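Inspection log for the structure reproduced underneath, given as structure tokens.
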Amino acid sequence: MCGIVTFVDNEAPQVKDSLIQTMMNRIIHRGPDDSGHFVDEGVAMGFRRLSFVDVKSGNQPIFNENDSMAITFNGEIYNFKPLREELINLGHHFSTHADTEVILHGYEEWGEDVTKRLRGMFAFLIWDREKQELFGARDHFGIKPLYYGKMNGTFFVGSEIKSFLDHPNFEKQLNKKALKPYMTFQYPATDETFFKGIYKLPEGHFFHYRDGKFTMKQYWDAEFDADDESFDEAVDKIEAAVSESVKAHSFADDGIKVGSFLSAGVDSSYVTAMMRPDETFSIGFDQGYDETKQARELAAKLNLKNTDAKLTNDEAFHKFPLIQYYLDEPDSNPSVVPLYFLTKLAKDNGYKAMLSGEGADELFAGYTAYGYNTNSKAIKWITDQLKKLPKAKRQKIADWLKHHKNFHGRLHMYNNLAAARDSFIGQARVFTPEEAADVLQPEFNDAPSVQAIVDKIYDKIDNQNVPELSKKQYLDIHQWMPGDILLKADKMSMANSLELRVPLLDKEMMKVAGHTPAKYLMTDQGTKWAFRMAANRHLPEEWATREKLGFPVPVREWLRQKDFYEEIVEILKQDFVSEFFDQEKILKMAQDNFEGKTDDRRKIWTIYTFLVWYKLYFIDNFNPHEEVNLVKVGAKA
């Protein structure tokens, strides 16, 4: 696991050399073990290394046999050994045992089709010195980030946007069109990031950059094509796939410690049960809900060592600004806070890599928002009968339900009868577009609509003969997962120089998930039921069927505790805030929430998150290598 940064322009090599080293230092947290860089008349490639495979000789950039190509790579390739043997048989010569070199020789042999052969998480860049061309790619799901943009004649690409900040040709401007969608989604929801002119390379895509021209192409997509199989056959396939994937994701050179995270949920518990690591790690809060007790119980039943820690409200709340810096863009998902401390706990105990459970909910339909909104057997039975109606009649009933007064079971019936495009935008819906427009300054309403953002994805699958449940999963795989789940997983782990591996999010797992009939995933008994029953073979019953909770974070308490509330209000009152929001309205929103008149915690936290992030990047010009007091983030600039 590493950090990469590259820029292409016509500056003199000696100028490039100095700049690339400064840019690399901005992301030293991604790779504290070693570094390397390469400069020629066209490119500057920088690399920070966190080493796992071929620790002694795997430093980057790595060159091919005649030094005509150089590669920098962030990630892990889990099938690199058979690919290496194939390439050797084809006549390629290797100077290392690292998976990085497999990609490079694979590109020599197969060109851009090398992306189709790789299994793993990756973002890589290959510079062809003869063509003066840059080729880059991002993994199938977007587990590893890759950002790009062109400014003032310089093309930038790298693991983190912050690595571009110190280049003189980088113009730091806020992308005003990103704010309004963020208010609904709680994470950066547009292709263009919060930094104007900087974009995310989409998951499953590669690009070429040559002679000032950028081209991009998709090489992989998730597919849903259910097999005609029994429930037990589906469970068998899931169990076999999880077992194989966990094994593939657990490797490292001798002496490198790999463990697993463990919560009360089924996903991390299943991974842990299959991996049987030397140590598991858990995190909780010393007030309110705490999963560490259940994690300890499971670890004891599995005869595994569990190390946990409990956060105080004070340390968690006051670390939040630093967390937002590491995220690159604002993300108001409260779970970023415990995830940061969880990865730090593992790192402080000598671990360099951890396995986690991300991906199972998207691949195997684990979210209640997909259509599991009641425990009433009668409502579920009626809904199942209505689902047998023709599509047009189902939609007519859904339209009636949408505008009818609320009654028990209405939401469950609506979510199961309505077309996915009309009813589902993903796992987060903080502000409605109308509510966002009410508190934003008018100029920020000129932004992509929520519906336009999701329609772009639905357009790719709506003409396929797949269940509406699969369409919801498809949207989450391309929107929620790379935009929120994987963004925070990568940035929070790398902030602590820790690699996070996600064996449940793998192209081989997707093959199984895509062929599993939807009726076995969302059943009368619960969400991702076939997956749960596979886990049930390796876990106590109460773990396999436990309700999903995620990372519980006491945001409600923070917003109603006087000292934290006053710190939040202090930043809401600052002069720069009026550039974005109607201050009178957001201050009243915060006060009413504090007094218990309303429960607008998610809305207030989403606004506060953006303001914290903006202040760090655009007012304070924060750099963690400098001594800056982040405790009082509301202190006036």
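In the structure tokens, chains take the letters A, B, ... in the order shown, each chain's residues start at 1, and ligands count up from 1 in the order shown.
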Just the residues within 7 Å of Met216 in chain A, please, counting only C-alpha atoms, with nothing from its chain fewer than 3 positions along; format it as a ChimeraX atom specification. /A:205-208
Counting only C-alpha atoms, give me one row per residue of range 452-503 of chain A with an atom at most 12 Å from an atom of range 171-183 of chain A, showing the shortest contact pair and its distance in Å to one decimal, sorted by chain then residue number, as a Markdown table.
| residue | atom | partner | partner_atom | distance |
| --- | --- | --- | --- | --- |
| A:Ala452 | CA | A:Pro181 | CA | 10.3 |
| A:Ile453 | CA | A:Pro181 | CA | 8.6 |
| A:Val454 | CA | A:Pro181 | CA | 10.9 |
| A:Trp480 | CA | A:Tyr182 | CA | 11.8 |
| A:Gly483 | CA | A:Tyr182 | CA | 10.5 |
| A:Asp484 | CA | A:Tyr182 | CA | 10.9 |
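Residue nearest Ala535 in chain A, chosen from A:Asp267, A:Glu499, A:Asp166, A:Asp67 and counting only C-alpha atoms: A:Asp267.
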Write down as a PyMOL selection string the residues of range 490-623 of chain A whose backbone DSSP state falls under helix (DSSP H, G or I). chain A and resi 490-495+507-515+518-521+529-536+541-544+555-560+562-572+575-579+583-594+601-619
Please, which residues of range 152-256 of chain A, numbered as in this document, come out strand (DSSP E or B) from DSSP, as JSON, numbers by chain? {"A": [154, 155, 156, 157, 158, 174, 192, 195, 199, 200, 205, 206, 207, 208, 209, 210, 213, 214, 215, 216, 217, 218]}
Can I get the residues of range 202-307 of chain A within 12 Å of range 111-135 of chain A, each with the closest pair of atoms and their distance in Å to one decimal, using only C-alpha atoms, sorted chain first then ascending number, as a Markdown table?
| residue | atom | partner | partner_atom | distance |
| --- | --- | --- | --- | --- |
| A:Pro202 | CA | A:Ala123 | CA | 11.0 |
| A:Glu203 | CA | A:Ala123 | CA | 9.8 |
| A:Gly204 | CA | A:Thr115 | CA | 8.5 |
| A:His205 | CA | A:Thr115 | CA | 8.7 |
| A:Phe206 | CA | A:Phe135 | CA | 7.3 |
| A:Phe207 | CA | A:Phe135 | CA | 5.7 |
| A:His208 | CA | A:Phe135 | CA | 4.7 |
| A:Tyr209 | CA | A:Leu134 | CA | 5.1 |
| A:Arg210 | CA | A:Glu133 | CA | 4.7 |
| A:Asp211 | CA | A:Glu133 | CA | 7.7 |
| A:Gly212 | CA | A:Glu133 | CA | 9.6 |
| A:Lys213 | CA | A:Glu133 | CA | 9.9 |
| A:Phe214 | CA | A:Leu134 | CA | 9.5 |
| A:Thr215 | CA | A:Phe135 | CA | 9.8 |
| A:Met216 | CA | A:Phe135 | CA | 9.8 |
| A:Lys217 | CA | A:Glu112 | CA | 9.9 |
| A:Gln218 | CA | A:Thr115 | CA | 10.1 |
| A:Tyr219 | CA | A:Lys116 | CA | 6.8 |
| A:Trp220 | CA | A:Lys116 | CA | 7.2 |
| A:Asp221 | CA | A:Lys116 | CA | 10.7 |
| A:Ser245 | CA | A:Gly120 | CA | 10.3 |
| A:Ala248 | CA | A:Gly120 | CA | 9.5 |
| A:His249 | CA | A:Gly120 | CA | 8.6 |
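With only C-alpha atoms as the atoms that count, the minimum distance from Gly366 in chain A to the choices A:Gly409, A:Trp529, A:Asp422, A:Leu342 is reached by A:Trp529.
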List the neighbours of range 63-65 of chain A out to 8 Å using only C-alpha atoms; skip same-chain residues closer than 6 positions along the sequence, and give me the result as a ChimeraX atom specification. /A:71,93-94,101,104-105
Once you have the residues from the selection above, write them out as a PDB file, in the first residue's frame, restricted to all heavy atoms.
ATOM      1  N   ILE A  71       6.708   2.460 -13.713  1.00  0.00           N
ATOM      2  CA  ILE A  71       5.402   2.322 -13.077  1.00  0.00           C
ATOM      3  C   ILE A  71       5.474   2.729 -11.608  1.00  0.00           C
ATOM      4  O   ILE A  71       6.472   2.471 -10.926  1.00  0.00           O
ATOM      5  CB  ILE A  71       4.871   0.873 -13.185  1.00  0.00           C
ATOM      6  CG1 ILE A  71       3.459   0.761 -12.565  1.00  0.00           C
ATOM      7  CG2 ILE A  71       5.819  -0.128 -12.541  1.00  0.00           C
ATOM      8  CD1 ILE A  71       2.789  -0.583 -12.800  1.00  0.00           C
ATOM      9  N   HIS A  93      11.353 -10.713 -18.310  1.00  0.00           N
ATOM     10  CA  HIS A  93      12.349 -10.887 -17.249  1.00  0.00           C
ATOM     11  C   HIS A  93      12.026  -9.957 -16.084  1.00  0.00           C
ATOM     12  O   HIS A  93      11.807  -8.758 -16.273  1.00  0.00           O
ATOM     13  CB  HIS A  93      13.753 -10.594 -17.785  1.00  0.00           C
ATOM     14  CG  HIS A  93      14.169 -11.509 -18.890  1.00  0.00           C
ATOM     15  ND1 HIS A  93      14.651 -12.779 -18.654  1.00  0.00           N
ATOM     16  CD2 HIS A  93      14.148 -11.359 -20.246  1.00  0.00           C
ATOM     17  CE1 HIS A  93      14.927 -13.365 -19.815  1.00  0.00           C
ATOM     18  NE2 HIS A  93      14.624 -12.526 -20.795  1.00  0.00           N
ATOM     19  N   PHE A  94      12.018 -10.526 -14.882  1.00  0.00           N
ATOM     20  CA  PHE A  94      11.649  -9.782 -13.676  1.00  0.00           C
ATOM     21  C   PHE A  94      12.889  -9.472 -12.848  1.00  0.00           C
ATOM     22  O   PHE A  94      13.762 -10.328 -12.670  1.00  0.00           O
ATOM     23  CB  PHE A  94      10.651 -10.575 -12.837  1.00  0.00           C
ATOM     24  CG  PHE A  94       9.251 -10.573 -13.387  1.00  0.00           C
ATOM     25  CD1 PHE A  94       8.916 -11.331 -14.505  1.00  0.00           C
ATOM     26  CD2 PHE A  94       8.270  -9.809 -12.783  1.00  0.00           C
ATOM     27  CE1 PHE A  94       7.621 -11.323 -15.019  1.00  0.00           C
ATOM     28  CE2 PHE A  94       6.973  -9.791 -13.285  1.00  0.00           C
ATOM     29  CZ  PHE A  94       6.650 -10.554 -14.404  1.00  0.00           C
ATOM     30  N   GLU A 101       5.604  -5.137 -10.554  1.00  0.00           N
ATOM     31  CA  GLU A 101       6.281  -5.443 -11.807  1.00  0.00           C
ATOM     32  C   GLU A 101       5.413  -6.303 -12.717  1.00  0.00           C
ATOM     33  O   GLU A 101       5.544  -6.252 -13.943  1.00  0.00           O
ATOM     34  CB  GLU A 101       7.630  -6.110 -11.537  1.00  0.00           C
ATOM     35  CG  GLU A 101       8.536  -6.138 -12.757  1.00  0.00           C
ATOM     36  CD  GLU A 101       9.920  -6.680 -12.456  1.00  0.00           C
ATOM     37  OE1 GLU A 101      10.197  -7.069 -11.305  1.00  0.00           O
ATOM     38  OE2 GLU A 101      10.736  -6.719 -13.399  1.00  0.00           O
ATOM     39  N   LEU A 104       3.405  -3.966 -14.826  1.00  0.00           N
ATOM     40  CA  LEU A 104       4.219  -3.325 -15.851  1.00  0.00           C
ATOM     41  C   LEU A 104       4.456  -4.256 -17.039  1.00  0.00           C
ATOM     42  O   LEU A 104       4.223  -3.882 -18.201  1.00  0.00           O
ATOM     43  CB  LEU A 104       5.553  -2.885 -15.252  1.00  0.00           C
ATOM     44  CG  LEU A 104       6.526  -2.176 -16.203  1.00  0.00           C
ATOM     45  CD1 LEU A 104       5.895  -0.918 -16.770  1.00  0.00           C
ATOM     46  CD2 LEU A 104       7.828  -1.854 -15.474  1.00  0.00           C
ATOM     47  N   HIS A 105       4.905  -5.475 -16.772  1.00  0.00           N
ATOM     48  CA  HIS A 105       5.129  -6.421 -17.871  1.00  0.00           C
ATOM     49  C   HIS A 105       3.807  -6.840 -18.513  1.00  0.00           C
ATOM     50  O   HIS A 105       3.756  -7.138 -19.713  1.00  0.00           O
ATOM     51  CB  HIS A 105       5.902  -7.641 -17.370  1.00  0.00           C
ATOM     52  CG  HIS A 105       7.316  -7.335 -16.981  1.00  0.00           C
ATOM     53  ND1 HIS A 105       8.205  -6.703 -17.830  1.00  0.00           N
ATOM     54  CD2 HIS A 105       7.996  -7.571 -15.828  1.00  0.00           C
ATOM     55  CE1 HIS A 105       9.368  -6.568 -17.216  1.00  0.00           C
ATOM     56  NE2 HIS A 105       9.275  -7.080 -16.006  1.00  0.00           N
TER      57      HIS A 105
END
Test item: residues at most 12 Å from Ala534 in chain A, only C-alpha atoms, excluding those fewer than 2 positions along its chain, as a PyMOL selection string: chain A and resi 231-243+266-267+270-271+273-274+364+520-521+528-532+536-541+543-545
With a distance cut-off of 10 Å and only C-alpha atoms, select the neighbouring residues of range 574-583 of chain A, excluding the residue or stretch itself and same-chain residues fewer than 6 positions from it, and output the selection as a VMD selection string. chain A and resid 176 179 436 to 444 589 607 611 614 to 615 619 634 to 637
